[in-house]
Every structure is written in structure tokens, then in C-alpha cells.
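A.B. asks: Dropping the structure in here first, questions after.
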Amino acid sequence: MDSEELNGNGKNQEAGLPPPPSLVPSNLVPELEPVKKNIILPMARRGNGSKGQKISLLTNHFGVKFNKPNGHFFHYSVAISYEDGRPVEAKGIGRKIIDKVQETYQTDLASKYFAYDGEKTLFTVGALPSNKLDFSVVLEDMPSSRNASQSDTNEADRKRTRRSNQSKKFMVEISYAAKIPMQAIASALQGKETEHLQDAIRVLDVILRQSAARQGCLLVRQSFFHNDVLNFVPIGGGVIGCRGFHSSFRTTQGGLSLNIDTSTTMIVQPGPVVDFLLANQNKKDPFSVDWNKARRTLKNLRVQVAPSNREYKISGVSEHKCKDQMFTWRKPKNEKGEVEEVEISVFNYYMERNIELRYSGDLPCINVGKPKRPTYIPIEFCDLVSLQRYTKSLTNFQRAALVEKSRQKPPERMALLTKGLKNSNYNADPVLQDSGVSIVPNFTQVEGRILPTPRLKVGNGEDLAPRNGRWNFNSKQLVEPTTVTKWAVVNFSARCDTRGLIRDLIRCGGMKGMNVDPPFGEVFEEKPQFRNLSANMRVEKMFELIQSKLPGPPQFLLCILSERKNSDVYGPWKKKNLSDLGIVTQCIAPTRVNDQYLTNVLLKINAKLGGLNSLLALERSPAMPSVTKVPTIIVGMDVSHGSPGMSDIPSIAAVVSSRQWPLISKYRACVRTQSRKVEMIDNLFKPIADKDEGIFRELLIDFYNSSEMRKPEHIIIFRDGVSESQFNQVLNIELDQMMQACKFLDPSWNPKFTVIVAQKNHHTKFFQSGKPDNVPPGTIIDSKICHPRNNDFYLCAHAGMIGTTRPTHYHVLYDEIGFATDDLQELVHSLSYVYQRSTTAISVVAPICYAHLAAAQMGTVMKFEDMSETSSSHGGITTPGAVPVPPMPKLNAKVASSMFFC
């Protein structure tokens, strides 16, 4: 059945499910406003699973011992100010000041050790002598609060600078805020959670951060990075991957543990500023540098300046070359005591002082001053300070290089973690010692299970048994192949043997059971004179060519691009096809074409045109009654946020849902924009007058129309990208909206919901003792290191071929359906085998991957959408006082129900 037939199914039911008469009348809408009700909390564990072959594993959780169950942590607020009362806002200075307080006033502080977070919070073990303490300390050789003037090197100014930098007096106020019982840690060791547990764990985490700060590390949340070139991995563009360690305390069924893992952050290449700019812009000499781009890149980075070796923050780049950039120089007093002011260039200023400039006379200067008081320094005297984070988004090439160079096989990672724990020497930390906390230096042993591999169905009714999480279609046919008719090939200036490609695609399709007709006429080649036009114009010119030659609209277009992952044409091409014309399209950028490559392309084409490559055997059997016997819709949800520094890009919410029940291998997507950096999806239920224009209604109607007019009785939701602190919002905002959307369609309808969150962004890893290999695909762990109360488990569904496998951490927040533990775990495992784009099990369930793909693909469309054009208001949101969020271009009805994202 192709996509046009699917769209036509139940046309007269568009008003909803059930038919129009049972829709909620407009006068009932006010009753559907959110009402006050009991807060839904994450559910408790119902029991552990038992299915599968047992396997003994090690994990990077290290046990915690504790011997002071009756003490207290005391929480104090810290206020630091200058002598004149102005608050100290400069980062990094707080730790020096508090260390000085501790060193100077030991007796007044009862010789207490501090755990200080570097800002406004301080903890001690036991109380300080008073609830409010005031101190004053002097720090020697403090840099001035303002930058030195341009004439920093002349004698008179040197004396002034010495006076202003010689010392600084600070006032410190420490005030009692709260008391945290250490009994919370003792309870955690017994697998219990108490009211003060998170506060106690925060204290322990602050102790770890302080320990790392005293070693001169860069701190990024709970990860620490040493200034050691052995840890630096260049990834191109003047960016370096800096390896370090993550350390955090976790509560588990086995008690409190310290989770340690390797971690990587991006830093700017330290050393000469010129070298960084050449690498960043891929230039061979400094005279080719784009200085406007350099100005944006360098802003707020810190440099060390020769010959004084003082540090400054870059505020900009001079407008003129060093030879031409003038400033007012206050010359030293003459014999009469007069000070002469002269206009002089930065270059001549240094020449007069016999300081030679080798090459920077013809380059702009670095400005380290204030907007109204610039301070210009020749670029060759400026070195970027080490361990400065690079926060801009990485290019595809940098990302690929980072992945390539960061891979660590399991034995290598274990060795690094053992070494890292030893070097950190946490058990010698005086605050941890005072707390009675010590770390066991051995990996925790856990028991896992290897779940049975799901069986697949392929063409001709054949069964297929994946091995090691992989399978192939050699001598196999697709389970539901489509016929590719009315199609054409376009080529955007790629060097490619298009005739050979078409011939082999048709041949390969036939082997897989797909009947691929010859395409319309010849390949539509981009004319050379159009290659330098804007991406939008190149697409428009291509469609003018297509429309002039084809007898009617094509069903499918194969698009050949010259660039693999960063083509400017991709976004406008997808928008034109998916939004404007409703044409299914597949983009390729072939480098090495063989049968394996062509098979992968055909898998995507088949899925997009409504076919199925393979499906689970359980989809055609009563193996899982809760899903296959009862109408069930499976939903995947994800929110994609703009890259760092892209403040004008809205967040994109994507929700995919299964269709054609009892299948759980076919999905459609609904994508909307929402306010930037908002993680909760706020458009699931959107009542306007007597109609719901939310995302969930659209998906429910599609399920109804594609599943023989059956309403789903079971709704299984997989949510990606939320942290534990947001679980309550998922349950009480998103789930509540979906429940309201169901009630809006039919007040008597009471489907049962199950909500599962999938997390990839964590630091738990598993290892096979004495073996170099990753854990086998299907390995599941639901005991010992899992949450002491909540219903969670770790699953390694895929075969980790490179590096160390990262398990997915699943949290079952809500389960009205009442799955048996084994059944739910088996369903999650099986959903890692229905991803139509590949012939491998994937690391997270397919609905979540599809939601991520749909958000990413529509995100590329958004980047090229002309916001001045009148487009559908579908999905646009305006928050009071905020910039209106541009709406997502609406998918054309011809492709809306297709797997266009596949």
C-alpha cells in the first residue's frame, strides 16, 4: 500500500475519532481546561526481570563507605565584597579568598575545613563557632580590577600599576543557612531515599569539585580537566578535545556509589593567537585572515601578554593595522614636571621603546581594554591561555575527528579510570575524611542478563535470526517492497556515473523484491551557470527544469549532492519537496558505490514510499498480547535545540507514532517549533474554540484511520532528552496534555498509558571481567546499581563495534497498562530491531530515533525558511514579552503520513 492510498484511507473521518457526532461540542470546551488534581509521581519498581542468560559484569561505580551516621553538614551563605562594599563578581577569585580566610582565621573557625563551591555556598562538617562571621583578608599581587592603560610599560604608569596591583582587601561574610543530617547518607547506603539525601549528595559533589579546583583543573559541572598536553587531542579548526574525568555520587540499590568515567570537553588551542586564527580559519598566513570573523571568535578569550606575563580578557580587535592604529600616549614627566600627551601609533610606540615587532605591524592589534578606553597590544605578544572552553558548535568534520580520536576500548577505559581514581586521591581529602566518607577502589560487580534476540520476518514469509545484533539482506527480499514508478534523478553538480548508478539501483532493487521502473528520461543535470547562485535559487532553477520536461508531478525524486553532510542545497530541497509539492525524495552523495551502499539507499526509499524492509515476528503473532491483541499506539518524543551560539533558532519538538496496528514498525511524524531551549513539549494539546490543534490529536486520528477505525486502548510513550529533575514535568505536563487530547476527542474514551524515558547522557558503563570485548547485544541490568526505589534499567541492545558501549538508561515512570517486568523489557529490546534505515539493532528504541531524525530534518528546513513569507501558522507560539517563534512549514498532505524522515 503506497502513501497516497494511506492518505486516502478514511478521508471522511478527518474530523477525528470517533466520527464527528461524538466530538466534544464547543460549549463543553471550558470543562476541559486543566483542573487541579493529584500530582503524578514516578512509579516504584514492581520487581526485577528474570528472562535471559545471566552474565557477570563490572561497572564504573565505586563503593562508598561511611562511618559518621549521626553528624551534620552545615550550609553557609558566602558574600564577598571589596573594601568599599562593591560585590566581587569576577569568577575564580572566590576560591583564593576563601582559602585565605581559612588560612588566616583558623582559630576563629574552630579549625574547620570548608567545602566551597566557588560562588556563594560553603559547607562544613559540624557547626562554625557562630551563625554569622565577618572577616577581612588581603590578597597580594592581585590584578587590577581595570585593565592597564596603553602606556603600561612606561615608568610612571608602572609605579601606579604596582600600587593598584600590590594588594587588594576583601570583606567576607559567612552566614548560617541550613543543617543537613548525615543520616541521609547512611540511609542511602541501605538503599533508602530520605528528604535530605540530594542535599547531602550535593555536599559530597562540591567536595570533589573543590579537590579538582585546587589541582588547577578546568571544571565543567561534575567533570574535571587537567592542563596536560597528554590529554589534548586536536580535532581541527584550532579546537582541541581535552580529556578528563567525570565524578559524581549516585544512589543505587546497592547503596551510595561514586560514578567515575572518562569525559571530554572542547578547548581553544593554547599558544600564539595568530596560530589559533590560522588553524581556525584554515589559512596559510596571517594576512589572509578574515578579521571580522576573528573579532567574533576571539571575544572574551583570555590572553597572556609578553613581556609582563599578565592576563587580560580580549574585548575586540583594532579597526586599523598596528602601524596605523593611533592612541593618546601620556609621556613621562619632563624636567619641568609636565606631562605631554601625544598621538602615536601602536607600532611606533613599541619602536620608540626598542621593542621589535617581527610581523604584526601590518596586522590589527588585540584590544584588551574597555569600550571607551581601548588598550591595544600587538598580536604577536598575545598567547591564548590554556584550558579555555570552546563553546561554539562543531563542524561535521570536527565532530567526526572527535569521535575517531576519543574511542576507548573497554580495557583501555578501565585502565584510565583506575589511574584517574588513584591520582585523584579522594580518600586523602580532609573534608571527605571529616565527613567519614571513603571510596572503595574497585569496580562494582553486577549481574546482567542477555535477552533472547527478537526474530524478524522478511520477504516470502521467511524468518531471519539476527546474529550479534546484525543481519543482512543477502539473498533475502524485503517483507513489503514497494514499486518505484514515476520517478526522476537530479544531480546538483556532483561528479557521478549516473547511468551506472541508475542501472545498478534497478538491478539491486529487483534482487530485494522492489520493482524499480526506469526513471523519466535523462538525468536532470544542474546547469553550470546556476552553481554560484544561492541555494534557494539553485533549487528553484532545478524545479523549473524538471517541470519543463516531465509530463506530470513525480512520485519520487532521487537527488545527488556533491557534499556529503553540509550541502547548502539540502534544506531548501527538502522544503520544496516535503512542504510545497509533496514529493518523496532521497538525497545521496555517493563516493564508493557498491551493492551494500545501494541496498542501504533502497531500504530508505522503500520505507519512505510506504513499504517495510523487515518486521518483528511478534507483529504477526500473539506473542505480546498487551501490544498485538489490544490496539496499541507507540509514541516517540524528542525536542531538538539550536546549536550553541544560534540564539535565533527555535527549538523543534518532534513526536512520532506507530500506524497500521498491529504493526509497530511503521511510523509517522508531527513536528512543531516552540520557544528556544524549552524542553517540555507545549503543543501536545492545543484547544482553540471547538477544535484541538495539538500534535497528539493529529497522530491519534492517523492511527484511527490507518488501523481499521480502531482507537488505541494502550498508549506507550517513549520520551528522550529529559533529566531526572524533569520527570515530574513529563508526567504532569506532557502526559496530562495527552490525556486531555484523548478526552477532547471522546469524553468516554479511557486509554491506558505507559511512559518510559530513555537517557543516553549518563556516565555508567559495563565491562566483561578479563575480556577485551564489549558486552553482548541484549545485555540488561536492572539491579544493584539501579535506582533504590524507581523502576529503571540499563540496556545495551546493540553490538558495540568500536569504543566502549554506552547503555541506554530507561526509566519507567508510569504504567497503567500493567506490563510484567519481563514483557516490558522484551518490548523495549524488540523496538531496537525495527529501525528501517539499518540492518543492525540500534542503541535506543526506534521511535525515539525517528523523532530525532524528524526534528533534525525539519530543522534544516527551518534554517532556510524565509520568515518574511506567509507560511502556515501551524505550530507558531508567542510567549508574552518574547520574540514570536516562527512556525514550522506544514508538511504537504501527500507526504504527511509517510516516513519522510527515514
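Ordering of the C-alpha cells sets the chain letters (A, B, ...); residue numbers start at 1 within each chain; ligands are numbered from 1 in the order shown.
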Can you list every residue in stretch 552-670 of chain A that DSSP puts in helix (DSSP H, G or I), as a ChimeraX atom specification?
C.D. replies: /A:570-581,595-608,617-620,625-628
A.B. asks: Just the residues within 10 Å of stretch 319-321 of chain A, please, counting only C-alpha atoms, with nothing from its chain fewer than 4 positions along; format it as a list in words.
C.D. replies: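 In the requested form, the answer reads Trp291, Asn292, Gln325, Met326, Ser345, Val346, Phe347, Ser360, Gly361, Asp362, Leu363, Pro364, Cys365, Ile366, Asn367 and Pro378 of chain A.
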A.B. asks: Between atom CA of A:Pro889 and atom CA of A:Lys691, what is the distance in Å, rounded to a tenth?
C.D. replies: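 Rounded to one decimal, the two atoms are 20.6 Å apart.
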A.B. asks: If I take atom CA of A:Asn38 and atom CA of A:Asn728, how far is one from the other in Å, to one decimal?
C.D. replies: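 Between atom CA of A:Asn38 and atom CA of A:Asn728 the gap works out to 11.9 Å.
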A.B. asks: Mind checking which residues fall within 12 Å of A:Pro87, counting only C-alpha atoms, ignoring those fewer than 2 positions away in the same chain, and posting them as a list in words?
C.D. replies: Val78, Ala79, Ile80, Ser81, Tyr82, Glu83, Asp84, Gly85, Glu89, Ala90, Lys91, Gly94, Glu119, Lys120, Phe170, Met171, Val172 and Glu173 of chain A
A.B. asks: Excluding A:Met637 and its own-chain neighbours fewer than 4 positions away, which residues fall within 12 Å of it when counting only C-alpha atoms? Please give them as a PyMOL selection string.
C.D. replies: chain A and resi 652-657+668-672+679-681+684+695-696+716-722+730+734-735+755-758+845-855
A.B. asks: To one decimal place, how far is atom CA of A:Asp108 from atom CA of A:Ile201 in Å?
C.D. replies: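 Atom CA of A:Ile201 lies at a distance of 27.6 Å from atom CA of A:Asp108.
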A.B. asks: Calculated over only C-alpha atoms, which of the candidates A:Ser187, A:Gln408, A:Ser897, A:Asn491 has the smallest distance to A:Lys765?
C.D. replies: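 The shortest atom-to-atom distance to A:Lys765 comes from A:Gln408.
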